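Trainee: Next comes run.cif, mmCIF, C-alpha atoms and all ligand atoms:
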data_coords
#
loop_
_atom_site.label_atom_id
_atom_site.label_comp_id
_atom_site.auth_asym_id
_atom_site.auth_seq_id
_atom_site.Cartn_x
_atom_site.Cartn_y
_atom_site.Cartn_z
CA MET A 161 11.36 -37.04 -27.63
CA ASN A 162 12.10 -40.64 -28.64
CA VAL A 163 10.44 -41.32 -31.96
CA THR A 164 8.66 -44.41 -30.59
CA THR A 165 7.07 -42.36 -27.81
CA GLU A 166 5.92 -39.83 -30.40
CA ILE A 167 4.48 -42.57 -32.62
CA LYS A 168 2.72 -44.24 -29.64
CA GLU A 169 1.19 -40.93 -28.60
CA ALA A 170 -0.34 -40.76 -32.06
CA GLY A 171 -2.10 -44.07 -31.26
CA PHE A 172 0.09 -46.26 -33.45
CA ARG A 173 1.72 -49.49 -32.19
CA PRO A 174 5.28 -49.73 -33.55
CA ALA A 175 7.35 -52.92 -33.50
CA SER A 176 9.43 -53.38 -30.39
CA ARG A 177 12.60 -53.58 -32.47
CA ILE A 178 12.55 -49.81 -32.93
CA ALA A 179 11.83 -49.12 -29.25
CA SER A 180 15.19 -47.61 -28.36
CA VAL A 181 16.11 -46.29 -31.78
CA GLY A 182 15.59 -42.63 -32.50
CA VAL A 183 15.85 -40.40 -35.56
CA SER A 184 19.51 -39.46 -35.78
CA LYS A 185 20.40 -36.49 -33.55
CA ILE A 186 22.43 -35.14 -36.47
CA LEU A 187 19.35 -35.06 -38.69
CA GLN A 188 17.32 -33.45 -35.89
CA ILE A 189 19.84 -30.65 -35.44
CA GLY A 190 20.07 -30.20 -39.20
CA ALA A 191 16.27 -29.92 -39.44
CA ARG A 192 16.13 -27.37 -36.60
CA ALA A 193 18.92 -25.30 -38.14
CA ALA A 194 17.25 -25.44 -41.56
CA ALA A 195 13.94 -24.27 -40.02
CA MET A 196 15.74 -21.33 -38.34
CA LYS A 197 17.29 -20.49 -41.70
CA ARG A 198 13.88 -20.52 -43.37
CA ASP A 199 12.73 -18.08 -40.68
CA GLY A 200 15.41 -15.70 -41.95
CA LEU A 201 18.10 -16.31 -39.31
CA PRO A 202 21.68 -16.34 -40.68
CA VAL A 203 22.45 -19.89 -39.53
CA ILE A 204 25.69 -21.58 -40.61
CA ILE A 205 25.31 -25.36 -40.65
CA LEU A 206 28.48 -27.27 -39.79
CA GLY A 207 26.65 -30.56 -39.43
CA ALA A 208 26.67 -32.01 -42.93
CA GLY A 209 28.18 -35.44 -43.43
CA GLU A 210 28.87 -35.01 -47.10
CA PRO A 211 31.53 -33.36 -49.27
CA ASP A 212 30.65 -29.93 -50.68
CA PHE A 213 32.16 -30.94 -54.05
CA ASP A 214 30.12 -32.05 -57.03
CA THR A 215 30.09 -35.59 -58.45
CA PRO A 216 32.86 -35.65 -61.13
CA ASP A 217 31.70 -34.96 -64.71
CA ASN A 218 32.96 -38.28 -66.09
CA VAL A 219 30.83 -40.10 -63.50
CA LYS A 220 27.72 -38.09 -64.42
CA ALA A 221 28.40 -38.78 -68.11
CA ALA A 222 28.61 -42.53 -67.42
CA ALA A 223 25.23 -42.41 -65.71
CA LYS A 224 23.67 -40.52 -68.63
CA ALA A 225 25.16 -43.02 -71.08
CA ALA A 226 23.75 -45.88 -69.01
CA ILE A 227 20.26 -44.39 -69.18
CA ASP A 228 20.56 -43.89 -72.95
CA ALA A 229 21.79 -47.47 -73.38
CA GLY A 230 18.68 -48.78 -71.62
CA ASP A 231 20.56 -49.82 -68.52
CA THR A 232 17.42 -49.17 -66.51
CA LYS A 233 16.24 -52.59 -65.35
CA TYR A 234 16.84 -54.76 -62.28
CA THR A 235 20.45 -55.85 -62.11
CA ALA A 236 22.14 -58.87 -60.56
CA LEU A 237 21.16 -59.08 -56.89
CA ASP A 238 24.27 -57.76 -55.17
CA GLY A 239 26.02 -55.88 -57.94
CA THR A 240 26.51 -55.92 -61.70
CA PRO A 241 29.45 -58.00 -62.93
CA ALA A 242 31.08 -54.74 -64.14
CA LEU A 243 30.85 -53.07 -60.74
CA LYS A 244 31.95 -56.16 -58.84
CA LYS A 245 34.97 -56.37 -61.16
CA ALA A 246 35.74 -52.69 -60.50
CA VAL A 247 35.47 -53.29 -56.73
CA VAL A 248 37.79 -56.32 -56.90
CA GLU A 249 40.24 -54.21 -58.88
CA LYS A 250 39.95 -51.31 -56.40
CA PHE A 251 40.77 -53.57 -53.44
CA ARG A 252 43.76 -54.98 -55.34
CA ARG A 253 45.08 -51.63 -56.60
CA GLU A 254 44.55 -49.48 -53.53
CA ASN A 255 44.65 -51.92 -50.62
CA GLY A 256 46.72 -54.83 -51.87
CA VAL A 257 43.89 -57.21 -50.93
CA ILE A 258 42.77 -59.89 -53.37
CA TYR A 259 39.07 -60.76 -53.34
CA ALA A 260 37.31 -63.05 -55.81
CA ILE A 261 34.18 -61.77 -57.57
CA ASP A 262 31.97 -63.81 -55.21
CA GLU A 263 33.71 -62.29 -52.19
CA VAL A 264 32.42 -58.78 -52.94
CA THR A 265 28.96 -57.28 -52.61
CA VAL A 266 27.31 -54.01 -53.63
CA ALA A 267 24.39 -52.35 -51.86
CA THR A 268 22.38 -49.15 -51.66
CA GLY A 269 25.06 -47.26 -49.71
CA ALA A 270 27.50 -48.51 -47.11
CA LYS A 271 24.63 -48.11 -44.68
CA GLN A 272 22.79 -50.97 -46.35
CA ILE A 273 25.99 -53.03 -46.31
CA LEU A 274 26.06 -52.61 -42.52
CA PHE A 275 22.39 -53.43 -42.30
CA ASN A 276 22.70 -56.55 -44.49
CA ALA A 277 25.71 -57.77 -42.51
CA PHE A 278 24.11 -57.34 -39.08
CA MET A 279 20.73 -58.69 -40.22
CA ALA A 280 22.46 -61.73 -41.65
CA THR A 281 24.60 -62.49 -38.59
CA LEU A 282 23.09 -61.24 -35.33
CA ASP A 283 20.87 -63.36 -33.14
CA PRO A 284 19.12 -61.72 -30.19
CA GLY A 285 21.69 -60.91 -27.52
CA ASP A 286 24.73 -61.13 -29.80
CA GLU A 287 27.17 -58.34 -28.96
CA VAL A 288 28.92 -55.86 -31.21
CA ILE A 289 31.87 -53.94 -29.78
CA ILE A 290 31.79 -50.33 -30.98
CA PRO A 291 34.51 -47.89 -29.91
CA THR A 292 33.13 -44.46 -29.05
CA PRO A 293 32.85 -41.84 -30.35
CA TYR A 294 31.08 -43.64 -33.20
CA TRP A 295 28.90 -42.82 -36.17
CA THR A 296 25.44 -42.91 -34.58
CA SER A 297 23.97 -45.35 -37.10
CA TYR A 298 26.25 -48.17 -35.93
CA SER A 299 24.54 -48.77 -32.61
CA ASP A 300 21.06 -48.08 -33.99
CA ILE A 301 21.47 -50.60 -36.82
CA VAL A 302 22.80 -53.20 -34.38
CA GLU A 303 19.74 -52.68 -32.17
CA VAL A 304 17.27 -52.83 -35.05
CA CYS A 305 18.89 -56.15 -36.00
CA GLY A 306 18.41 -57.54 -32.48
CA GLY A 307 22.02 -57.24 -31.35
CA VAL A 308 23.51 -55.50 -28.34
CA PRO A 309 25.89 -52.61 -28.97
CA VAL A 310 28.83 -52.64 -26.54
CA PRO A 311 30.27 -49.12 -26.57
CA VAL A 312 33.89 -48.77 -25.44
CA PRO A 313 34.92 -45.17 -24.65
CA CYS A 314 38.12 -44.10 -26.42
CA ASN A 315 39.29 -40.72 -25.16
CA ALA A 316 41.25 -37.98 -26.86
CA ALA A 317 44.46 -38.88 -25.01
CA ALA A 318 44.34 -42.32 -26.69
CA GLY A 319 43.77 -40.59 -30.02
CA PHE A 320 40.12 -41.72 -29.90
CA ARG A 321 41.45 -45.16 -30.84
CA LEU A 322 40.50 -48.48 -29.27
CA GLN A 323 43.37 -49.97 -27.25
CA ALA A 324 44.18 -53.69 -27.19
CA LYS A 325 43.48 -53.97 -23.44
CA GLN A 326 40.05 -52.42 -23.90
CA LEU A 327 39.24 -54.81 -26.73
CA GLU A 328 40.38 -57.81 -24.70
CA ALA A 329 38.24 -56.69 -21.76
CA ALA A 330 35.14 -56.11 -23.90
CA ILE A 331 35.14 -59.54 -25.57
CA THR A 332 32.67 -62.08 -24.16
CA PRO A 333 31.41 -65.43 -25.46
CA LYS A 334 28.51 -63.44 -26.98
CA THR A 335 30.73 -61.08 -29.00
CA ARG A 336 29.99 -61.50 -32.69
CA TRP A 337 31.69 -58.44 -34.16
CA VAL A 338 34.03 -55.60 -33.37
CA LEU A 339 33.43 -52.58 -35.61
CA LEU A 340 36.30 -50.22 -36.43
CA ASN A 341 36.03 -47.06 -38.51
CA SER A 342 39.17 -45.38 -39.85
CA PRO A 343 39.33 -42.45 -40.49
CA SER A 344 36.48 -41.93 -38.09
CA ASN A 345 33.25 -40.07 -38.25
CA PRO A 346 33.10 -38.08 -35.93
CA SER A 347 36.66 -37.84 -34.55
CA GLY A 348 38.71 -37.90 -37.76
CA ALA A 349 41.07 -40.29 -35.96
CA ALA A 350 42.65 -43.02 -38.07
CA TYR A 351 44.46 -46.25 -37.25
CA ALA A 352 47.98 -46.59 -38.65
CA ALA A 353 49.44 -50.08 -39.11
CA ALA A 354 51.06 -49.84 -35.68
CA ASP A 355 47.71 -48.98 -34.09
CA TYR A 356 45.98 -51.94 -35.72
CA ARG A 357 48.65 -54.53 -34.88
CA PRO A 358 47.91 -54.98 -31.15
CA LEU A 359 44.17 -55.17 -31.91
CA ILE A 360 44.78 -57.78 -34.58
CA ASP A 361 46.83 -59.82 -32.09
CA VAL A 362 43.88 -59.78 -29.67
CA LEU A 363 41.50 -60.87 -32.43
CA LEU A 364 43.78 -63.73 -33.44
CA ARG A 365 43.39 -65.05 -29.89
CA HIS A 366 39.56 -64.90 -30.13
CA PRO A 367 38.53 -66.76 -33.30
CA HIS A 368 34.80 -66.39 -32.60
CA VAL A 369 35.01 -62.59 -33.00
CA TRP A 370 34.59 -61.17 -36.49
CA LEU A 371 35.94 -57.82 -37.62
CA MET A 372 33.94 -55.22 -39.51
CA VAL A 373 35.95 -52.26 -40.80
CA ASP A 374 34.41 -49.15 -42.28
CA ASP A 375 36.98 -47.54 -44.59
CA MET A 376 34.54 -44.98 -46.00
CA TYR A 377 36.93 -42.02 -45.54
CA GLU A 378 40.00 -43.84 -46.87
CA HIS A 379 40.78 -41.16 -49.44
CA ILE A 380 40.43 -38.20 -47.09
CA VAL A 381 43.65 -38.39 -45.03
CA TYR A 382 46.19 -35.69 -44.16
CA ASP A 383 49.87 -35.00 -43.56
CA GLY A 384 50.83 -38.01 -45.68
CA PHE A 385 48.97 -40.44 -43.39
CA ASP A 386 49.53 -43.97 -44.64
CA PHE A 387 46.03 -45.50 -44.86
CA VAL A 388 45.88 -49.25 -44.35
CA THR A 389 43.07 -51.75 -43.96
CA PRO A 390 43.45 -54.64 -41.46
CA VAL A 391 43.16 -57.53 -43.94
CA ALA A 392 46.16 -56.13 -45.83
CA LEU A 393 48.14 -56.33 -42.57
CA GLU A 394 46.94 -59.74 -41.47
CA PRO A 395 45.71 -62.16 -44.13
CA ARG A 396 44.67 -64.63 -41.39
CA LEU A 397 41.83 -62.24 -40.53
CA LYS A 398 40.47 -62.25 -44.07
CA GLU A 399 38.18 -65.22 -43.44
CA ARG A 400 36.33 -63.30 -40.70
CA THR A 401 36.57 -59.67 -41.78
CA LEU A 402 34.08 -57.55 -43.71
CA THR A 403 35.87 -54.58 -45.33
CA ILE A 404 33.33 -51.85 -46.08
CA ASN A 405 33.79 -48.91 -48.40
CA GLY A 406 31.76 -46.85 -50.86
CA VAL A 407 31.70 -44.02 -53.35
CA SER A 408 29.73 -41.54 -51.20
CA LYS A 409 32.56 -39.54 -49.64
CA ALA A 410 35.57 -40.03 -51.95
CA TYR A 411 33.63 -39.28 -55.14
CA ALA A 412 31.03 -36.92 -53.68
CA MET A 413 28.26 -39.37 -54.58
CA THR A 414 26.17 -39.46 -51.39
CA GLY A 415 22.89 -39.27 -53.31
CA TRP A 416 23.74 -42.09 -55.70
CA ARG A 417 23.59 -44.60 -52.83
CA ILE A 418 26.30 -47.11 -53.68
CA GLY A 419 28.39 -48.89 -51.07
CA TYR A 420 30.39 -52.08 -51.33
CA ALA A 421 32.34 -54.58 -49.27
CA GLY A 422 34.71 -57.51 -49.47
CA GLY A 423 34.42 -60.51 -47.17
CA PRO A 424 34.23 -64.29 -46.91
CA LYS A 425 31.93 -65.95 -49.43
CA PRO A 426 29.40 -67.43 -46.95
CA LEU A 427 28.90 -64.03 -45.31
CA ILE A 428 28.55 -62.32 -48.70
CA LYS A 429 25.93 -64.92 -49.68
CA ALA A 430 24.01 -64.47 -46.42
CA MET A 431 24.01 -60.70 -46.93
CA ALA A 432 22.58 -61.20 -50.44
CA VAL A 433 19.65 -63.11 -48.91
CA ILE A 434 18.75 -60.03 -46.85
CA GLN A 435 19.23 -57.69 -49.81
CA SER A 436 17.04 -59.88 -52.04
CA GLN A 437 14.10 -59.25 -49.69
CA ALA A 438 14.86 -55.55 -49.17
CA THR A 439 15.81 -53.81 -52.40
CA SER A 440 16.33 -56.63 -54.98
CA CYS A 441 19.43 -54.79 -56.20
CA PRO A 442 21.11 -51.37 -56.06
CA SER A 443 20.09 -48.79 -58.68
CA SER A 444 21.28 -49.80 -62.16
CA VAL A 445 22.21 -46.25 -63.18
CA SER A 446 24.08 -45.59 -59.95
CA GLN A 447 26.04 -48.79 -60.39
CA ALA A 448 27.10 -47.70 -63.87
CA ALA A 449 28.21 -44.38 -62.39
CA ALA A 450 30.16 -46.16 -59.63
CA VAL A 451 32.00 -48.28 -62.21
CA GLU A 452 33.27 -45.07 -63.80
CA ALA A 453 34.13 -43.58 -60.38
CA LEU A 454 36.28 -46.58 -59.46
CA ASN A 455 37.82 -47.21 -62.90
CA GLY A 456 38.12 -43.62 -64.14
CA PRO A 457 40.74 -40.94 -63.41
CA GLN A 458 41.63 -40.64 -59.72
CA THR A 459 43.80 -37.52 -59.83
CA PHE A 460 41.08 -35.19 -58.50
CA LEU A 461 41.09 -37.12 -55.21
CA LYS A 462 44.40 -35.51 -54.29
CA GLU A 463 43.16 -32.00 -55.13
CA ARG A 464 40.09 -32.52 -52.98
CA GLN A 465 42.18 -33.95 -50.18
CA GLU A 466 44.39 -30.84 -50.27
CA SER A 467 41.35 -28.60 -50.15
CA PHE A 468 40.01 -30.49 -47.11
CA GLN A 469 43.41 -30.29 -45.44
CA ARG A 470 43.51 -26.48 -45.81
CA ARG A 471 40.11 -26.32 -44.16
CA ARG A 472 41.05 -28.78 -41.42
CA ASP A 473 44.11 -26.64 -40.58
CA LEU A 474 42.00 -23.49 -40.52
CA VAL A 475 39.35 -24.95 -38.20
CA LEU A 476 41.83 -26.74 -35.95
CA GLY A 477 44.00 -23.65 -35.52
CA ARG A 478 41.06 -21.42 -34.65
CA LEU A 479 39.46 -23.93 -32.25
CA ASN A 480 42.66 -24.39 -30.29
CA GLU A 481 42.99 -20.62 -29.83
CA ILE A 482 39.60 -20.42 -28.09
CA ASP A 483 39.69 -20.47 -24.32
CA GLY A 484 37.86 -23.53 -22.98
CA LEU A 485 38.13 -25.62 -26.17
CA GLU A 486 40.76 -28.10 -27.28
CA CYS A 487 41.03 -30.26 -30.35
CA ARG A 488 43.47 -33.02 -31.25
CA THR A 489 44.69 -33.11 -34.83
CA PRO A 490 42.48 -35.45 -36.88
CA GLU A 491 44.28 -37.67 -39.37
CA GLY A 492 41.38 -37.76 -41.80
CA ALA A 493 37.68 -37.40 -42.74
CA PHE A 494 36.22 -33.86 -42.76
CA TYR A 495 35.37 -33.47 -39.08
CA THR A 496 36.94 -31.97 -35.98
CA PHE A 497 35.87 -33.35 -32.62
CA ALA A 498 36.81 -30.71 -30.06
CA GLY A 499 36.60 -31.06 -26.30
CA CYS A 500 34.55 -28.43 -24.49
CA SER A 501 35.13 -29.39 -20.84
CA GLY A 502 36.55 -25.88 -20.25
CA ILE A 503 33.13 -24.43 -21.09
CA LEU A 504 31.07 -26.55 -18.72
CA GLY A 505 29.74 -24.72 -15.67
CA LYS A 506 29.81 -21.34 -17.40
CA THR A 507 26.66 -19.26 -17.87
CA THR A 508 25.32 -17.82 -21.12
CA PRO A 509 24.45 -14.09 -21.41
CA LYS A 510 20.77 -15.16 -21.14
CA GLY A 511 21.53 -16.81 -17.77
CA LYS A 512 21.52 -20.50 -18.80
CA ARG A 513 24.18 -22.70 -17.21
CA ILE A 514 26.07 -24.95 -19.61
CA GLU A 515 25.99 -28.36 -17.93
CA ALA A 516 26.75 -30.63 -20.88
CA ASP A 517 27.94 -30.58 -24.48
CA HIS A 518 24.37 -30.52 -25.80
CA ASP A 519 23.76 -27.30 -23.81
CA PHE A 520 26.81 -25.85 -25.52
CA SER A 521 25.63 -26.87 -29.00
CA ASP A 522 22.15 -25.47 -28.20
CA TYR A 523 23.79 -22.19 -27.14
CA LEU A 524 25.87 -22.03 -30.32
CA LEU A 525 22.78 -22.64 -32.43
CA GLU A 526 20.44 -20.27 -30.62
CA ASP A 527 22.78 -17.40 -29.80
CA ALA A 528 25.57 -17.65 -32.39
CA HIS A 529 23.52 -19.29 -35.15
CA VAL A 530 26.11 -21.98 -35.76
CA ALA A 531 24.91 -25.59 -35.96
CA VAL A 532 27.34 -28.20 -34.61
CA VAL A 533 26.63 -31.70 -33.25
CA PRO A 534 27.27 -32.49 -29.56
CA GLY A 535 29.54 -35.40 -28.64
CA SER A 536 26.66 -37.07 -26.80
CA ALA A 537 25.15 -37.86 -30.23
CA PHE A 538 28.25 -39.96 -30.91
CA GLY A 539 28.46 -41.57 -27.47
CA LEU A 540 31.30 -39.46 -26.01
CA SER A 541 31.07 -36.23 -24.01
CA PRO A 542 31.91 -33.43 -23.57
CA PHE A 543 32.81 -32.78 -27.20
CA PHE A 544 31.26 -31.30 -30.32
CA ARG A 545 31.69 -32.16 -33.96
CA ILE A 546 32.25 -29.66 -36.73
CA SER A 547 31.96 -30.78 -40.34
CA TYR A 548 34.26 -28.51 -42.34
CA ALA A 549 32.93 -29.64 -45.73
CA THR A 550 31.83 -26.08 -46.44
CA SER A 551 33.44 -22.93 -47.86
CA GLU A 552 36.43 -21.31 -46.13
CA ALA A 553 34.50 -18.02 -45.93
CA GLU A 554 31.68 -19.73 -44.02
CA LEU A 555 34.13 -21.51 -41.76
CA VAL A 556 35.88 -18.24 -40.88
CA GLU A 557 32.57 -16.56 -40.10
CA ALA A 558 31.39 -19.58 -38.03
CA LEU A 559 34.62 -19.66 -36.03
CA ASP A 560 34.44 -15.91 -35.40
CA ARG A 561 30.97 -16.46 -34.00
CA ILE A 562 32.03 -19.46 -31.86
CA GLU A 563 34.93 -17.42 -30.49
CA ARG A 564 32.67 -14.50 -29.61
CA ALA A 565 30.07 -16.83 -28.07
CA CYS A 566 32.73 -18.49 -25.86
CA ALA A 567 34.12 -15.10 -24.80
CA ALA A 568 30.60 -13.95 -23.83
CA LEU A 569 30.15 -16.79 -21.33
CA LYS A 570 30.33 -15.88 -17.65
CA PRO A 571 32.80 -17.98 -15.63
CA CYS A 572 31.55 -20.49 -13.04
N1 LIG B 1 30.26 -44.95 -42.76
C1 LIG B 1 30.55 -43.77 -42.18
C2 LIG B 1 31.65 -43.70 -41.20
C3 LIG B 1 29.80 -42.62 -42.48
O1 LIG B 1 30.10 -41.45 -41.90
C4 LIG B 1 28.74 -42.73 -43.40
C5 LIG B 1 27.89 -41.56 -43.73
O2 LIG B 1 27.89 -40.55 -43.08
C6 LIG B 1 28.48 -43.98 -43.98
C7 LIG B 1 29.24 -45.07 -43.64
C8 LIG B 1 27.33 -44.17 -44.95
O3 LIG B 1 27.73 -44.13 -46.24
P1 LIG B 1 26.70 -44.36 -47.44
O4 LIG B 1 26.36 -43.01 -47.96
O5 LIG B 1 27.49 -45.17 -48.43
O6 LIG B 1 25.53 -45.10 -46.93
#
Before we go any further, please render this structure as structure tokens.

Mentor:
Amino acid sequence: MNVTTEIKEAGFRPASRIASVGVSKILQIGARAAAMKRDGLPVIILGAGEPDFDTPDNVKAAAKAAIDAGDTKYTALDGTPALKKAVVEKFRRENGVIYAIDEVTVATGAKQILFNAFMATLDPGDEVIIPTPYWTSYSDIVEVCGGVPVPVPCNAAAGFRLQAKQLEAAITPKTRWVLLNSPSNPSGAAYAAADYRPLIDVLLRHPHVWLMVDDMYEHIVYDGFDFVTPVALEPRLKERTLTINGVSKAYAMTGWRIGYAGGPKPLIKAMAVIQSQATSCPSSVSQAAAVEALNGPQTFLKERQESFQRRRDLVLGRLNEIDGLECRTPEGAFYTFAGCSGILGKTTPKGKRIEADHDFSDYLLEDAHVAVVPGSAFGLSPFFRISYATSEAELVEALDRIERACAALKPC
């Protein structure tokens, strides 16, 4: 049930801005799986959007030192000078992009960066082009901020990547932003320089369209993939691009809630206005921890990347051996996004026909006790997302169960 309907039934009148926004499907599935687990069922949850590693010790130590040093008060509105300096340095060192201190901003997670940016720029009816499959929060945040999400389906054959012709066709006089995420949650697809170029050429022809890029999974790429961010490829886009990143995924710091971005000064200032009335500033202790994450040793990133790659190969290999499923090789992130069209129309041992990907994910949860997220939650069907940020032993067991569950289905 839509959350607004539920709230209204309880006699409460919610604001119309949340009318079409629901609690994330991912969180709903996670909650259902967790409840089944509490009831003693051996559920394996492959839905988590966070690394299974711990925050590095040097980062924890920096946070403890910050507490002991009394670094426990409000900070500068959109980031301490030390963290902004570390962010500027990160963009220079890792992306070859030069931002000034007043061209970067820090917020309570990349999610708040997105929220600040859309709140600060969208008027009712303004459109945001979002290639699907997309991280569910994108369209919900756009709607909460009064904008209109314009989903553009990007299929597996196109590598789940937006094509220049599609972008050109989706642009209207009302387009304010196009939002690209590489590597992607949920598909794991990433844009190489050659994939970005034709899109950049389209954008150069449409100066009223701004570009928002979410580089959150930059450090989790495989097979030597050469990560690049659009502004590094095309400096002319810098004056209308917001480059978003954060410490959540690379440094296993999801709970610390620090995200950051680089962009043109007037946009950064407008975003600070929103933040000033929302949170006043990000957490002081978390900012101190993020400084250490960005400035400290980076060698562990490679080890973690190798560990994720082993798990990606394991999951990918097993999925592609299962009759009815197919999965393209993701370039990054810690998700596989497998197609399940070969399963549709089949009947479960309990006699339920699988009509759509959410029926398949329900079947996997109820009968095989494996929690995955259906493609419909990300705007593209019929697919399902597995997060492989869990132990290899659990992944093997989950894939054994998925294989058995698929084999138990009766053909159409
Ligand atoms: N961007 C993408 C693509 C994500 O998958 C997520 C979290 O799942 C975020 C941003 C949010 O990151 P943060 O924890 O910094 O809010």

Trainee: Throw together the list of residues within 8 Å of ligand LIG 1 (chain B), counting only C-alpha atoms and all ligand atoms, and drop it here as number ranges by chain.

Mentor: A: 209-210, 268-273, 295, 341-346, 374-377, 405-409, 413-415, 417-419

Trainee: So that I can see what lies close to Tyr523 of chain A, please list as a ChimeraX atom specification the residues with an atom at most 9 Å from it, counting all atoms listed in the file and leaving out residues fewer than 5 positions away in the same chain.

Mentor: /A:508,512,514,518,528-530,565

Trainee: Please identify all polymer residues within 8 Å of Trp370 of chain A, counting only C-alpha atoms, omitting same-chain residues fewer than 5 positions from it, and present them as a PDB file with C-alpha atoms, in the frame of the given file.

Mentor:
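The new file part.pdb reads:
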ATOM      1  CA  ARG A 336      29.990 -61.500 -32.690  1.00  0.00           C
ATOM      2  CA  TRP A 337      31.690 -58.440 -34.160  1.00  0.00           C
ATOM      3  CA  VAL A 338      34.030 -55.600 -33.370  1.00  0.00           C
ATOM      4  CA  ARG A 400      36.330 -63.300 -40.700  1.00  0.00           C
ATOM      5  CA  THR A 401      36.570 -59.670 -41.780  1.00  0.00           C
TER       6      THR A 401
END

Trainee: Using all atoms listed in the file, which residues sit within 7 Å of Pro490 of chain A once same-chain residues fewer than 3 positions away are excluded, as a PyMOL selection string?

Mentor: chain A and resi 347-349+496

Trainee: Go ahead and save the residues from that selection, with C-alpha atoms, as a compact mmCIF listing (two decimals), keeping the file's coordinate frame.

Mentor:
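Output file part-v4.txt follows:
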# COMPACT_ATOMS: atom_id res chain seq x y z
CA SER A 347 36.66 -37.84 -34.55
CA GLY A 348 38.71 -37.90 -37.76
CA ALA A 349 41.07 -40.29 -35.96
CA THR A 496 36.94 -31.97 -35.98

Trainee: Restricting the calculation to all atoms listed in the file, which member of A:Ala175, A:Leu282, A:Ile204, A:Ala324 is positioned closest to Pro309 of chain A?

Mentor: A:Leu282

Trainee: Restricting the calculation to all atoms listed in the file, which member of A:Pro284, A:Ser440, A:Met372, A:Val475 is positioned closest to Ala558 of chain A?

Mentor: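 Looking at the shortest contact to Ala558 of chain A, the residue is A:Val475.
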
Trainee: Atom CA of Arg198 of chain A and atom CA of Arg471 of chain A, how far apart in Å?

Mentor: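 Calculated distance between atom CA of Arg471 of chain A and atom CA of Arg198 of chain A is 26.9 Å.
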
Trainee: Counting only C-alpha atoms, figure out which residue out of A:Gln323, A:Ser501, A:Gln458, A:Ser436 gets nearest to Leu540 of chain A.

Mentor: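 Nearest candidate to Leu540 of chain A out of A:Gln323, A:Ser501, A:Gln458, A:Ser436: A:Ser501.
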
Trainee: Could you pull the residues within 12 Å of Pro367 of chain A, counting only C-alpha atoms, minus those fewer than 5 positions along the same chain, as number ranges by chain?

Mentor: A: 331-333, 335-337, 360-362, 396-401
